[in-house]
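*Asks:* The structure file upload_19.txt (compact mmCIF, C-alpha atoms and all ligand atoms) is provided below.
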# COMPACT_ATOMS: atom_id res chain seq x y z
CA MET A 27 0.00 0.00 0.00
CA THR A 28 1.30 3.37 -0.85
CA GLN A 29 0.52 6.65 0.77
CA ALA A 30 1.00 9.91 -0.99
CA PRO A 31 4.03 11.80 0.28
CA THR A 32 3.15 14.79 2.35
CA THR A 33 4.65 18.21 2.27
CA PRO A 34 5.01 20.21 5.48
CA PRO A 35 1.94 22.17 6.59
CA ALA A 36 1.34 25.31 4.67
CA ALA A 37 2.50 28.46 6.41
CA SER A 38 -0.20 29.11 8.98
CA ASP A 39 -1.74 32.05 10.75
CA SER A 40 -0.32 32.68 14.19
CA SER A 41 -2.20 30.68 16.74
CA ALA A 42 -4.35 32.08 19.57
CA PRO A 43 -3.54 30.81 23.09
CA LYS A 44 -5.02 27.39 23.81
CA GLY A 45 -8.57 27.72 25.09
CA LEU A 46 -8.48 31.39 23.99
CA GLU A 47 -7.02 32.23 27.39
CA GLY A 48 -6.65 35.96 27.91
CA ILE A 49 -8.39 36.82 24.62
CA THR A 50 -11.05 39.52 24.76
CA ALA A 51 -13.64 38.41 22.22
CA GLY A 52 -16.05 41.34 22.20
CA ASP A 53 -17.84 44.07 24.15
CA THR A 54 -20.62 43.74 26.69
CA THR A 55 -22.46 46.04 29.07
CA LYS A 56 -23.81 43.15 31.17
CA SER A 57 -21.15 42.06 33.61
CA ARG A 58 -17.57 42.89 34.45
CA VAL A 59 -15.32 40.19 35.84
CA ASP A 60 -12.27 41.58 37.62
CA GLY A 61 -10.11 38.49 37.93
CA VAL A 62 -7.17 40.26 39.56
CA ASN A 63 -9.12 41.80 42.44
CA GLY A 64 -11.79 39.08 42.69
CA LYS A 65 -14.77 41.29 41.91
CA LEU A 66 -17.89 40.87 39.81
CA PHE A 67 -20.33 43.58 38.76
CA TYR A 68 -23.66 43.42 36.93
CA CYS A 69 -24.17 46.61 34.89
CA GLY A 70 -21.82 48.38 37.30
CA TYR A 71 -23.34 47.11 40.58
CA PRO A 72 -21.21 44.81 42.79
CA ILE A 73 -22.87 41.41 43.10
CA GLU A 74 -22.81 41.26 46.91
CA PRO A 75 -25.64 43.78 47.64
CA LEU A 76 -27.56 42.57 44.58
CA ALA A 77 -27.51 39.05 46.02
CA GLU A 78 -27.95 39.87 49.69
CA GLU A 79 -30.34 42.81 49.54
CA GLY A 80 -32.02 42.58 46.14
CA SER A 81 -34.08 39.87 44.48
CA PHE A 82 -33.52 37.62 41.49
CA GLU A 83 -36.35 39.36 39.60
CA GLU A 84 -34.54 42.66 40.14
CA CYS A 85 -31.31 41.16 38.88
CA VAL A 86 -32.95 39.82 35.70
CA TYR A 87 -34.55 43.20 35.04
CA LEU A 88 -31.17 44.87 35.51
CA LEU A 89 -29.40 42.53 33.10
CA TRP A 90 -32.06 42.96 30.42
CA ASN A 91 -32.55 46.71 30.81
CA GLY A 92 -29.26 48.01 32.16
CA GLU A 93 -30.93 49.75 35.14
CA LEU A 94 -32.49 48.60 38.40
CA PRO A 95 -36.30 48.71 38.31
CA ASN A 96 -38.33 51.07 40.47
CA ALA A 97 -41.14 49.54 42.53
CA ALA A 98 -43.78 49.82 39.78
CA GLN A 99 -41.45 48.44 37.11
CA LEU A 100 -40.49 45.52 39.35
CA GLU A 101 -44.11 44.73 40.11
CA SER A 102 -45.09 44.69 36.46
CA PHE A 103 -41.98 42.67 35.47
CA THR A 104 -42.69 40.10 38.18
CA ALA A 105 -46.32 39.84 37.06
CA ASP A 106 -45.20 39.31 33.44
CA LEU A 107 -42.91 36.49 34.52
CA ARG A 108 -45.63 34.81 36.58
CA ARG A 109 -48.12 35.03 33.73
CA GLU A 110 -45.85 33.06 31.39
CA SER A 111 -44.77 30.24 33.69
CA THR A 112 -46.97 27.46 32.28
CA VAL A 113 -45.15 24.95 30.10
CA PRO A 114 -47.27 23.59 27.21
CA SER A 115 -48.47 20.08 28.09
CA GLU A 116 -47.04 18.76 24.80
CA ILE A 117 -43.53 19.43 26.14
CA TRP A 118 -44.07 17.02 29.02
CA ASP A 119 -45.32 14.49 26.45
CA VAL A 120 -42.13 14.95 24.42
CA LEU A 121 -40.02 14.40 27.54
CA ARG A 122 -41.75 11.40 29.13
CA PRO A 123 -40.33 8.71 26.80
CA LEU A 124 -36.83 10.21 27.19
CA VAL A 125 -36.77 10.39 30.98
CA LYS A 126 -35.17 7.03 31.65
CA GLY A 127 -32.20 7.39 29.32
CA SER A 128 -31.45 11.08 29.84
CA THR A 129 -29.91 13.29 32.48
CA GLN A 130 -31.88 16.29 33.69
CA MET A 131 -29.65 18.55 31.60
CA ASP A 132 -30.30 16.41 28.50
CA LEU A 133 -34.03 16.74 29.11
CA LEU A 134 -33.78 20.47 29.65
CA ARG A 135 -31.83 20.94 26.40
CA THR A 136 -34.46 18.95 24.48
CA ALA A 137 -37.35 20.75 26.16
CA VAL A 138 -36.01 24.23 25.38
CA SER A 139 -35.40 23.25 21.79
CA ALA A 140 -38.92 21.79 21.50
CA MET A 141 -40.52 24.85 23.06
CA SER A 142 -39.87 26.90 19.93
CA ALA A 143 -42.65 24.84 18.27
CA PHE A 144 -45.12 26.37 20.74
CA ASP A 145 -44.01 29.96 20.40
CA ASP A 146 -46.04 31.75 17.74
CA GLU A 147 -43.69 34.72 17.67
CA VAL A 148 -40.36 33.02 17.10
CA ALA A 149 -40.61 32.69 13.30
CA ASP A 150 -40.90 36.47 13.03
CA THR A 151 -37.50 36.90 14.65
CA ARG A 152 -35.66 34.72 12.12
CA GLU A 153 -35.99 36.95 9.07
CA ALA A 154 -36.69 40.54 10.05
CA ILE A 155 -34.44 42.69 12.19
CA ASP A 156 -36.83 45.65 12.37
CA GLY A 157 -38.93 45.32 15.50
CA ARG A 158 -37.12 42.15 16.53
CA ASP A 159 -35.94 43.46 19.88
CA GLU A 160 -39.48 44.00 21.11
CA ILE A 161 -40.60 40.50 20.10
CA GLU A 162 -37.44 38.94 21.53
CA ARG A 163 -38.00 40.63 24.85
CA ARG A 164 -41.41 38.94 25.05
CA ILE A 165 -39.84 35.60 24.13
CA ALA A 166 -37.09 36.15 26.72
CA ASN A 167 -39.73 36.78 29.34
CA ARG A 168 -41.57 33.60 28.36
CA LEU A 169 -38.43 31.50 28.39
CA GLN A 170 -37.18 32.83 31.73
CA ALA A 171 -40.60 32.17 33.24
CA ARG A 172 -40.83 28.64 31.83
CA ILE A 173 -37.28 27.48 32.47
CA SER A 174 -37.99 27.31 36.18
CA THR A 175 -41.19 25.30 35.68
CA LEU A 176 -39.29 23.03 33.27
CA VAL A 177 -36.34 22.33 35.57
CA ALA A 178 -38.60 21.62 38.54
CA GLY A 179 -40.92 19.47 36.41
CA ILE A 180 -38.04 17.53 34.86
CA TYR A 181 -36.74 16.76 38.33
CA ARG A 182 -40.16 15.44 39.31
CA LEU A 183 -40.48 13.36 36.13
CA LYS A 184 -37.14 11.75 37.00
CA GLN A 185 -38.57 10.89 40.43
CA GLY A 186 -41.64 9.32 38.79
CA GLN A 187 -43.82 12.23 39.91
CA LYS A 188 -45.99 14.72 38.05
CA PRO A 189 -44.80 18.28 37.41
CA ILE A 190 -46.42 20.91 39.63
CA ALA A 191 -47.81 24.14 38.18
CA ALA A 192 -46.33 27.45 39.34
CA ARG A 193 -48.33 29.59 41.79
CA ASP A 194 -49.14 33.20 41.13
CA ASP A 195 -48.45 34.40 44.66
CA LEU A 196 -44.83 33.34 45.13
CA THR A 197 -41.49 34.90 44.17
CA TYR A 198 -39.45 33.30 41.40
CA ALA A 199 -37.17 31.61 43.96
CA ALA A 200 -39.99 30.39 46.21
CA ASN A 201 -42.00 29.16 43.24
CA PHE A 202 -39.08 27.09 42.03
CA LEU A 203 -38.60 25.40 45.42
CA TYR A 204 -42.36 24.88 45.67
CA MET A 205 -42.49 23.25 42.23
CA VAL A 206 -39.63 20.91 43.18
CA THR A 207 -40.87 19.81 46.60
CA GLY A 208 -44.60 20.58 46.56
CA GLU A 209 -44.10 22.61 49.73
CA GLU A 210 -43.81 26.34 50.17
CA PRO A 211 -40.26 27.06 51.42
CA GLY A 212 -39.55 28.97 54.61
CA GLU A 213 -38.65 32.63 54.28
CA TYR A 214 -35.02 31.98 55.10
CA GLU A 215 -34.62 29.16 52.56
CA GLU A 216 -36.30 31.31 49.92
CA ARG A 217 -33.94 34.18 50.68
CA ILE A 218 -30.81 32.05 50.43
CA PHE A 219 -31.98 30.39 47.23
CA ASP A 220 -32.89 33.74 45.70
CA ALA A 221 -29.38 35.04 46.47
CA ALA A 222 -27.81 31.93 44.92
CA LEU A 223 -29.81 32.53 41.73
CA THR A 224 -28.57 36.12 41.57
CA LEU A 225 -24.95 35.05 42.07
CA HIS A 226 -25.08 32.68 39.08
CA ALA A 227 -26.92 35.01 36.67
CA ASP A 228 -24.11 36.36 34.53
CA HIS A 229 -20.35 36.14 34.19
CA GLY A 230 -18.81 37.84 31.17
CA PHE A 231 -18.03 35.61 28.20
CA ASN A 232 -18.11 32.33 30.10
CA ALA A 233 -18.29 29.26 27.84
CA SER A 234 -22.09 28.85 27.74
CA THR A 235 -22.74 32.56 27.26
CA PHE A 236 -20.20 32.67 24.48
CA SER A 237 -21.97 29.69 22.88
CA ALA A 238 -25.27 31.54 23.08
CA ARG A 239 -23.72 34.60 21.47
CA VAL A 240 -22.05 32.62 18.67
CA THR A 241 -25.41 31.02 17.85
CA ALA A 242 -27.27 34.32 18.11
CA ALA A 243 -24.69 35.99 15.88
CA THR A 244 -25.74 33.80 12.94
CA GLU A 245 -29.16 35.47 13.39
CA ALA A 246 -30.50 32.20 14.77
CA ASP A 247 -33.43 32.58 17.18
CA ILE A 248 -33.45 32.69 20.97
CA TYR A 249 -34.43 29.03 21.39
CA GLY A 250 -31.46 27.97 19.25
CA ALA A 251 -29.10 30.17 21.26
CA ILE A 252 -30.32 28.94 24.65
CA THR A 253 -30.25 25.32 23.51
CA SER A 254 -26.57 25.78 22.55
CA ALA A 255 -25.88 27.36 25.91
CA ILE A 256 -27.52 24.54 27.87
CA GLY A 257 -25.44 21.98 25.97
CA THR A 258 -22.31 23.93 26.90
CA LEU A 259 -23.21 24.48 30.55
CA ALA A 260 -23.66 20.75 31.14
CA GLY A 261 -19.96 19.89 30.85
CA ARG A 262 -17.99 19.06 34.01
CA LEU A 263 -15.52 21.90 33.47
CA HIS A 264 -18.41 24.40 33.52
CA GLY A 265 -21.83 24.16 35.21
CA GLY A 266 -21.61 20.40 35.54
CA ALA A 267 -19.04 20.91 38.31
CA ASN A 268 -21.49 21.75 41.14
CA MET A 269 -23.20 18.36 41.07
CA ARG A 270 -19.80 16.68 41.00
CA VAL A 271 -18.70 18.69 44.04
CA MET A 272 -21.59 17.19 45.99
CA ARG A 273 -20.78 13.71 44.68
CA MET A 274 -17.20 14.30 45.83
CA LEU A 275 -18.36 15.34 49.33
CA GLU A 276 -20.54 12.22 49.49
CA LYS A 277 -17.57 10.11 48.42
CA VAL A 278 -15.31 11.65 51.06
CA GLY A 279 -18.02 10.77 53.55
CA GLU A 280 -16.38 12.03 56.77
CA VAL A 281 -14.74 15.31 57.67
CA ASP A 282 -11.49 13.72 58.82
CA LYS A 283 -11.03 11.97 55.48
CA ALA A 284 -11.13 15.20 53.47
CA GLU A 285 -7.41 15.96 53.42
CA ALA A 286 -6.36 12.46 52.41
CA PHE A 287 -8.95 12.58 49.65
CA VAL A 288 -7.49 15.81 48.25
CA ASP A 289 -3.94 14.41 48.45
CA ASP A 290 -5.07 11.36 46.55
CA VAL A 291 -6.78 13.34 43.77
CA LEU A 292 -3.83 15.69 43.38
CA SER A 293 -1.36 12.81 43.24
CA GLN A 294 -3.04 11.51 40.09
CA PRO A 295 -1.89 12.78 36.70
CA LYS A 296 -4.25 15.63 35.72
CA GLY A 297 -6.19 15.07 38.97
CA ARG A 298 -8.85 17.78 39.43
CA VAL A 299 -10.69 18.71 42.58
CA MET A 300 -14.11 19.80 41.40
CA GLY A 301 -15.14 23.35 42.31
CA PHE A 302 -11.59 24.76 42.26
CA GLY A 303 -9.67 26.90 39.83
CA HIS A 304 -10.88 29.48 37.37
CA ARG A 305 -9.81 30.79 34.00
CA VAL A 306 -10.26 34.44 34.97
CA TYR A 307 -10.02 34.72 38.79
CA LYS A 308 -6.49 34.59 40.10
CA VAL A 309 -7.79 35.19 43.64
CA GLU A 310 -10.96 33.94 45.31
CA ASP A 311 -14.09 33.99 43.17
CA PRO A 312 -16.29 36.66 44.88
CA ARG A 313 -19.34 34.44 44.43
CA ALA A 314 -17.63 31.72 46.45
CA THR A 315 -17.08 34.23 49.29
CA VAL A 316 -20.82 34.98 49.52
CA LEU A 317 -21.80 31.33 49.09
CA ARG A 318 -19.36 30.24 51.81
CA ARG A 319 -20.98 32.75 54.18
CA MET A 320 -24.42 31.45 53.24
CA ALA A 321 -23.37 27.82 53.67
CA LYS A 322 -22.01 28.64 57.14
CA GLU A 323 -25.24 30.41 58.11
CA LEU A 324 -27.35 27.50 56.90
CA THR A 325 -25.15 25.12 58.82
CA ASP A 326 -25.50 27.15 62.01
CA ARG A 327 -29.27 27.10 61.65
CA THR A 328 -29.65 23.42 60.86
CA GLY A 329 -26.93 22.26 63.23
CA ASN A 330 -25.73 19.89 60.50
CA SER A 331 -22.25 21.11 59.72
CA LYS A 332 -20.89 18.03 57.98
CA TRP A 333 -20.84 19.32 54.37
CA PHE A 334 -19.58 22.71 55.41
CA ASP A 335 -16.80 21.43 57.66
CA MET A 336 -15.70 19.00 55.00
CA SER A 337 -15.71 21.77 52.39
CA VAL A 338 -13.52 24.02 54.56
CA LYS A 339 -10.98 21.21 55.04
CA ILE A 340 -10.91 20.53 51.30
CA GLU A 341 -10.56 24.22 50.53
CA ASN A 342 -7.60 24.68 52.87
CA ARG A 343 -5.83 21.60 51.58
CA VAL A 344 -6.26 22.54 47.90
CA LYS A 345 -5.06 26.08 48.63
CA ASP A 346 -1.99 24.76 50.48
CA LYS A 347 -1.06 22.22 47.87
CA LYS A 348 -2.00 23.94 44.59
CA GLY A 349 -2.48 27.59 45.46
CA ILE A 350 -5.89 27.62 43.78
CA PHE A 351 -9.20 28.85 45.17
CA PRO A 352 -12.80 27.65 45.26
CA ASN A 353 -15.04 28.84 42.43
CA VAL A 354 -18.81 29.43 42.40
CA ASP A 355 -19.55 25.72 42.17
CA PHE A 356 -17.75 24.70 45.34
CA TYR A 357 -19.87 26.32 48.04
CA SER A 358 -23.06 26.36 45.97
CA ALA A 359 -22.95 22.57 46.40
CA SER A 360 -23.04 22.82 50.21
CA VAL A 361 -25.71 25.54 50.03
CA TYR A 362 -28.00 23.44 47.81
CA GLY A 363 -27.11 20.31 49.81
CA SER A 364 -28.09 22.07 53.05
CA LEU A 365 -31.38 23.08 51.38
CA GLU A 366 -31.83 19.31 50.86
CA LEU A 367 -31.88 19.56 47.09
CA ASP A 368 -30.84 16.50 45.10
CA PRO A 369 -27.35 16.88 43.51
CA GLU A 370 -28.75 15.95 40.08
CA ILE A 371 -30.73 19.20 40.03
CA PHE A 372 -27.74 21.44 40.90
CA THR A 373 -26.62 22.04 37.30
CA PRO A 374 -30.19 22.58 36.04
CA ILE A 375 -30.57 25.19 38.81
CA PHE A 376 -27.47 26.89 37.43
CA ALA A 377 -29.28 26.91 34.04
CA VAL A 378 -32.40 28.52 35.56
CA SER A 379 -30.30 31.39 36.81
CA ARG A 380 -27.85 31.69 33.90
CA THR A 381 -30.74 31.76 31.40
CA SER A 382 -31.20 35.36 32.50
CA GLY A 383 -27.62 36.18 31.53
CA TRP A 384 -27.78 34.17 28.30
CA LEU A 385 -30.93 36.06 27.30
CA ALA A 386 -29.36 39.40 28.16
CA HIS A 387 -26.40 38.54 25.93
CA VAL A 388 -28.57 37.32 23.04
CA LEU A 389 -30.54 40.59 23.14
CA GLU A 390 -27.28 42.51 23.28
CA GLN A 391 -25.76 40.53 20.40
CA HIS A 392 -28.84 40.97 18.22
CA ALA A 393 -28.99 44.68 18.96
CA ASP A 394 -25.63 45.24 17.23
CA ASN A 395 -24.85 42.04 15.42
CA ARG A 396 -21.95 40.79 13.40
CA LEU A 397 -21.26 37.13 12.64
CA ILE A 398 -18.74 35.64 15.10
CA ARG A 399 -16.36 33.69 12.94
CA PRO A 400 -12.72 33.37 13.99
CA ARG A 401 -10.05 31.68 11.91
CA ALA A 402 -8.38 28.36 12.66
CA ASN A 403 -4.65 27.89 12.79
CA TYR A 404 -4.19 24.85 10.55
CA VAL A 405 -1.48 22.47 11.82
CA GLY A 406 -2.33 19.33 9.80
CA HIS A 407 -0.77 17.81 6.67
CA GLY A 408 0.48 19.96 3.87
CA GLU A 409 -1.16 19.57 0.49
CA ARG A 410 -1.11 15.96 -0.78
CA ASP A 411 -2.49 13.94 -3.67
CA TYR A 412 -5.74 12.05 -3.33
CA VAL A 413 -5.14 8.26 -3.17
CA ALA A 414 -7.67 5.97 -4.84
CA LYS A 415 -9.42 3.53 -2.46
CA ALA A 416 -7.71 0.47 -3.98
CA ASP A 417 -4.26 1.96 -3.43
CA ARG A 418 -4.61 2.85 0.27
N1 LIG B 1 -7.94 20.76 40.66
C1 LIG B 1 -6.60 20.59 40.61
N2 LIG B 1 -5.79 21.34 39.86
C2 LIG B 1 -6.34 22.31 39.14
C3 LIG B 1 -7.71 22.56 39.14
C4 LIG B 1 -8.52 21.74 39.95
N3 LIG B 1 -9.83 21.92 40.01
N4 LIG B 1 -7.99 23.60 38.33
C5 LIG B 1 -6.82 24.00 37.83
N5 LIG B 1 -5.82 23.22 38.31
C6 LIG B 1 -4.40 23.35 38.02
C7 LIG B 1 -4.05 22.59 36.75
O1 LIG B 1 -3.68 21.26 37.02
C8 LIG B 1 -2.90 23.42 36.26
O2 LIG B 1 -1.80 23.15 37.08
P1 LIG B 1 -0.38 22.84 36.46
O3 LIG B 1 0.00 24.14 35.80
O4 LIG B 1 0.42 22.47 37.64
O5 LIG B 1 -0.60 21.74 35.46
C9 LIG B 1 -3.31 24.85 36.58
O6 LIG B 1 -4.14 24.73 37.74
C10 LIG B 1 -4.04 25.56 35.48
O7 LIG B 1 -5.16 24.75 35.07
P2 LIG B 1 -5.87 24.84 33.66
O8 LIG B 1 -6.64 23.59 33.41
O9 LIG B 1 -4.88 25.23 32.60
O10 LIG B 1 -6.87 26.04 33.88
P3 LIG B 1 -8.02 26.45 32.90
O11 LIG B 1 -8.13 27.91 32.98
O12 LIG B 1 -7.85 25.85 31.55
O13 LIG B 1 -9.31 25.74 33.52
C11 LIG B 1 -11.11 25.26 34.92
C12 LIG B 1 -10.21 26.36 34.34
C13 LIG B 1 -12.23 25.92 35.70
C14 LIG B 1 -11.71 24.44 33.77
C15 LIG B 1 -10.27 24.36 35.84
O14 LIG B 1 -9.80 25.11 36.92
C16 LIG B 1 -11.02 23.13 36.31
O15 LIG B 1 -11.01 22.09 35.63
N6 LIG B 1 -11.70 23.20 37.50
C17 LIG B 1 -12.50 22.10 37.97
C18 LIG B 1 -13.89 22.15 37.34
C19 LIG B 1 -14.69 23.29 37.88
O16 LIG B 1 -14.76 23.51 39.07
N7 LIG B 1 -15.36 24.02 36.95
C20 LIG B 1 -16.21 25.12 37.29
C21 LIG B 1 -15.64 26.41 36.84
S1 LIG B 1 -16.60 27.78 37.42
Mind turning the file's structure into structure tokens?
*Replies:*
Amino acid sequence: MTQAPTTPPAASDSSAPKGLEGITAGDTTKSRVDGVNGKLFYCGYPIEPLAEEGSFEECVYLLWNGELPNAAQLESFTADLRRESTVPSEIWDVLRPLVKGSTQMDLLRTAVSAMSAFDDEVADTREAIDGRDEIERRIANRLQARISTLVAGIYRLKQGQKPIAARDDLTYAANFLYMVTGEEPGEYEERIFDAALTLHADHGFNASTFSARVTAATEADIYGAITSAIGTLAGRLHGGANMRVMRMLEKVGEVDKAEAFVDDVLSQPKGRVMGFGHRVYKVEDPRATVLRRMAKELTDRTGNSKWFDMSVKIENRVKDKKGIFPNVDFYSASVYGSLELDPEIFTPIFAVSRTSGWLAHVLEQHADNRLIRPRANYVGHGERDYVAKADR
């Protein structure tokens, strides 16, 4: 058998850093990630007061409109969200046969994609740019309202239970917890969960947001963009990490085994402790600081400090040995765990919150669009002659 001789690769473009590290890929007015000082801002506001004093509804309004709502604006925005929270029954019918063989994130991705079939306005956004923003804002509202019902309902389908309809008298955070458990949460649990939603809402050009923008930049519709983003969020290096943090804590099992566990992971080639490290933050992720505080508070209230104590031991050991810090996924796991949520729903919860940021970015991309299309640095064979099948 003969192979055609190859010539060296053609002279190539200069390559971007692997993983596009350090590359600024575009402009945004939504969030600013200060990786050197460990700060995060939404539209100029530091995330700490937004999470601890504001509400998730306020945060979504801010990301979509660039300003905090006044009382009347917030009331009308909240009412709009509540009005749209019902998921068409056909979507549950699409999902039912898939439940056994799919993860909750798989089901969510399919459901969001399928929902475009039940949105009468989406076709209008695919061709015309004039007036698109107004229609897309209505679609964004619908999708943000329904994503919470979907995630809660998908969780229940996986448990062999029926989805529960949203109530019209609860906040976004309380409604979600109600639709998961069937019980209205306490005020404190609602407050903590609401803050966790706010903390996960937006984060510059993170991988899933960038995916959403790349899809939106082809002038694809919102459902296409959010479906791309959900597929991207699911990976273990991104949103899929929070569930794996909880699985790791369960595996460690006891507080006094935490350090040996870390040593073992780090002794393995390419060993990764889930919930640590970040592409942009070189100091502690500011979201982890708030979530750690919340996890401690929850622990003090419930008296069950196991997950928290274990997390602190792991954190200190990883810092000592690798000099890296916890990211948003590390303490969100103990917060959700202390709220007695199932680890399998952790990443879908991330999607509920991040949908608000994805939508903000899709609206922003469409408002001043240009196709996102980088070049590839080709490093394969140089030009060679085609070899007929019989001669290979
Ligand atoms: N556990 C152990 N070591 C880690 C680590 C982790 N979680 N995260 C990074 N490192 C180490 C790497 O081994 C590497 O060390 P080395 O230079 O000695 O080889 C160094 O830190 C840089 O890692 P790198 O993979 O190049 O960073 P990145 O910017 O490409 O990746 C993440 C960023 C988030 C993907 C990465 O930190 C990670 O895999 N974290 C775990 C998953 C996670 O928590 N994801 C959620 C992110 S919000």
*Asks:* Find the residue from A:Ala246, A:Leu263, A:Leu225, A:Ala238 that sits nearest to ligand LIG 1 (chain B); use all atoms listed in the file when measuring.
*Replies:*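 For ligand LIG 1 (chain B), the nearest of the candidates is A:Leu263.
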*Asks:* So which residues are near ligand LIG 1 (chain B), meaning at most 8 Å away with all atoms listed in the file counted, given back as a PyMOL selection string?
*Replies:* chain A and resi 45+47+262-268+271+291-292+296-306+344+348+350+352-356
*Asks:* Of the candidates A:Met272, A:Ala414, A:Ala260, A:Val281, which shows the shortest atom-to-atom distance to Ser364 (chain A), using all atoms listed in the file?
*Replies:*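 Counting all atoms listed in the file, the residue closest to Ser364 (chain A) is A:Met272.
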*Asks:* I'd like to know which of A:Gly349, A:Asp150, A:Ile218, A:Ala255 is closest to Lys322 (chain A), using all atoms listed in the file.
*Replies:* A:Ile218
*Asks:* Do you have the CA of Glu83 (chain A)-CA of Phe103 (chain A) distance handy?
*Replies:*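 Going from CA of Glu83 (chain A) over to CA of Phe103 (chain A), I get 7.7 Å.
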*Asks:* Quick one: residues within 7 Å of (-45.3, 29.8, 37.8) (file frame), counting all atoms listed in the file, please, as a CSV table (one decimal) with C-alpha atoms, keeping the file's coordinate frame.
*Replies:*
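Done, and the output landed in result_5.csv:
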chain,number,residue,atom,x,y,z
A,108,ARG,CA,-45.6,34.8,36.6
A,111,SER,CA,-44.8,30.2,33.7
A,112,THR,CA,-47.0,27.5,32.3
A,171,ALA,CA,-40.6,32.2,33.2
A,175,THR,CA,-41.2,25.3,35.7
A,191,ALA,CA,-47.8,24.1,38.2
A,192,ALA,CA,-46.3,27.4,39.3
A,193,ARG,CA,-48.3,29.6,41.8
A,194,ASP,CA,-49.1,33.2,41.1
A,201,ASN,CA,-42.0,29.2,43.2
*Asks:* Go ahead and compute the interatomic distance for CA of Tyr307 (chain A) and CA of Gly261 (chain A), in Å to one decimal.
*Replies:*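 Spanning CA of Tyr307 (chain A) to CA of Gly261 (chain A) is a straight-line distance of 19.5 Å.
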*Asks:* Which is closest to Glu93 (chain A) among A:Val288, A:Ala77, A:Cys69, A:Met274, if we use only C-alpha atoms?
*Replies:*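 Using only C-alpha atoms, the shortest distance to Glu93 (chain A) belongs to A:Cys69.
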*Asks:* Between A:Ala242, A:Glu216, A:Glu390, A:Asp417, which one has atoms that come closest to Leu324 (chain A), using all atoms listed in the file?
*Replies:* A:Glu216
*Asks:* Provide region 159-163 of chain A rebuilt to all heavy atoms, formatted as a PDB file, in the frame of the given file.
*Replies:*
ATOM      1  N   ASP A 159     -36.265  43.339  18.463  1.00  0.00           N
ATOM      2  CA  ASP A 159     -35.940  43.460  19.880  1.00  0.00           C
ATOM      3  C   ASP A 159     -37.194  43.345  20.753  1.00  0.00           C
ATOM      4  O   ASP A 159     -37.207  42.638  21.767  1.00  0.00           O
ATOM      5  CB  ASP A 159     -35.220  44.778  20.149  1.00  0.00           C
ATOM      6  CG  ASP A 159     -34.737  44.862  21.583  1.00  0.00           C
ATOM      7  OD1 ASP A 159     -33.876  44.037  21.955  1.00  0.00           O
ATOM      8  OD2 ASP A 159     -35.231  45.717  22.340  1.00  0.00           O
ATOM      9  N   GLU A 160     -38.241  44.020  20.308  1.00  0.00           N
ATOM     10  CA  GLU A 160     -39.480  44.000  21.110  1.00  0.00           C
ATOM     11  C   GLU A 160     -40.058  42.579  21.215  1.00  0.00           C
ATOM     12  O   GLU A 160     -40.450  42.129  22.287  1.00  0.00           O
ATOM     13  CB  GLU A 160     -40.486  44.914  20.419  1.00  0.00           C
ATOM     14  CG  GLU A 160     -41.507  45.519  21.358  1.00  0.00           C
ATOM     15  CD  GLU A 160     -42.474  46.387  20.553  1.00  0.00           C
ATOM     16  OE1 GLU A 160     -41.997  47.254  19.790  1.00  0.00           O
ATOM     17  OE2 GLU A 160     -43.675  46.150  20.681  1.00  0.00           O
ATOM     18  N   ILE A 161     -40.067  41.878  20.081  1.00  0.00           N
ATOM     19  CA  ILE A 161     -40.600  40.500  20.100  1.00  0.00           C
ATOM     20  C   ILE A 161     -39.680  39.618  20.955  1.00  0.00           C
ATOM     21  O   ILE A 161     -40.136  38.815  21.763  1.00  0.00           O
ATOM     22  CB  ILE A 161     -40.673  39.909  18.668  1.00  0.00           C
ATOM     23  CG1 ILE A 161     -41.464  40.822  17.743  1.00  0.00           C
ATOM     24  CG2 ILE A 161     -41.281  38.512  18.694  1.00  0.00           C
ATOM     25  CD1 ILE A 161     -41.458  40.359  16.283  1.00  0.00           C
ATOM     26  N   GLU A 162     -38.371  39.803  20.789  1.00  0.00           N
ATOM     27  CA  GLU A 162     -37.440  38.940  21.530  1.00  0.00           C
ATOM     28  C   GLU A 162     -37.510  39.185  23.026  1.00  0.00           C
ATOM     29  O   GLU A 162     -37.281  38.271  23.815  1.00  0.00           O
ATOM     30  CB  GLU A 162     -36.010  39.143  21.006  1.00  0.00           C
ATOM     31  CG  GLU A 162     -35.850  38.494  19.640  1.00  0.00           C
ATOM     32  CD  GLU A 162     -34.416  38.239  19.237  1.00  0.00           C
ATOM     33  OE1 GLU A 162     -33.548  39.064  19.590  1.00  0.00           O
ATOM     34  OE2 GLU A 162     -34.180  37.233  18.552  1.00  0.00           O
ATOM     35  N   ARG A 163     -37.846  40.371  23.424  1.00  0.00           N
ATOM     36  CA  ARG A 163     -38.000  40.630  24.850  1.00  0.00           C
ATOM     37  C   ARG A 163     -39.204  39.862  25.405  1.00  0.00           C
ATOM     38  O   ARG A 163     -39.187  39.354  26.524  1.00  0.00           O
ATOM     39  CB  ARG A 163     -38.118  42.126  25.145  1.00  0.00           C
ATOM     40  CG  ARG A 163     -36.764  42.786  25.123  1.00  0.00           C
ATOM     41  CD  ARG A 163     -36.776  44.273  25.172  1.00  0.00           C
ATOM     42  NE  ARG A 163     -35.397  44.728  25.074  1.00  0.00           N
ATOM     43  CZ  ARG A 163     -34.588  44.905  26.122  1.00  0.00           C
ATOM     44  NH1 ARG A 163     -35.026  44.734  27.347  1.00  0.00           N
ATOM     45  NH2 ARG A 163     -33.338  45.276  25.943  1.00  0.00           N
TER      46      ARG A 163
END
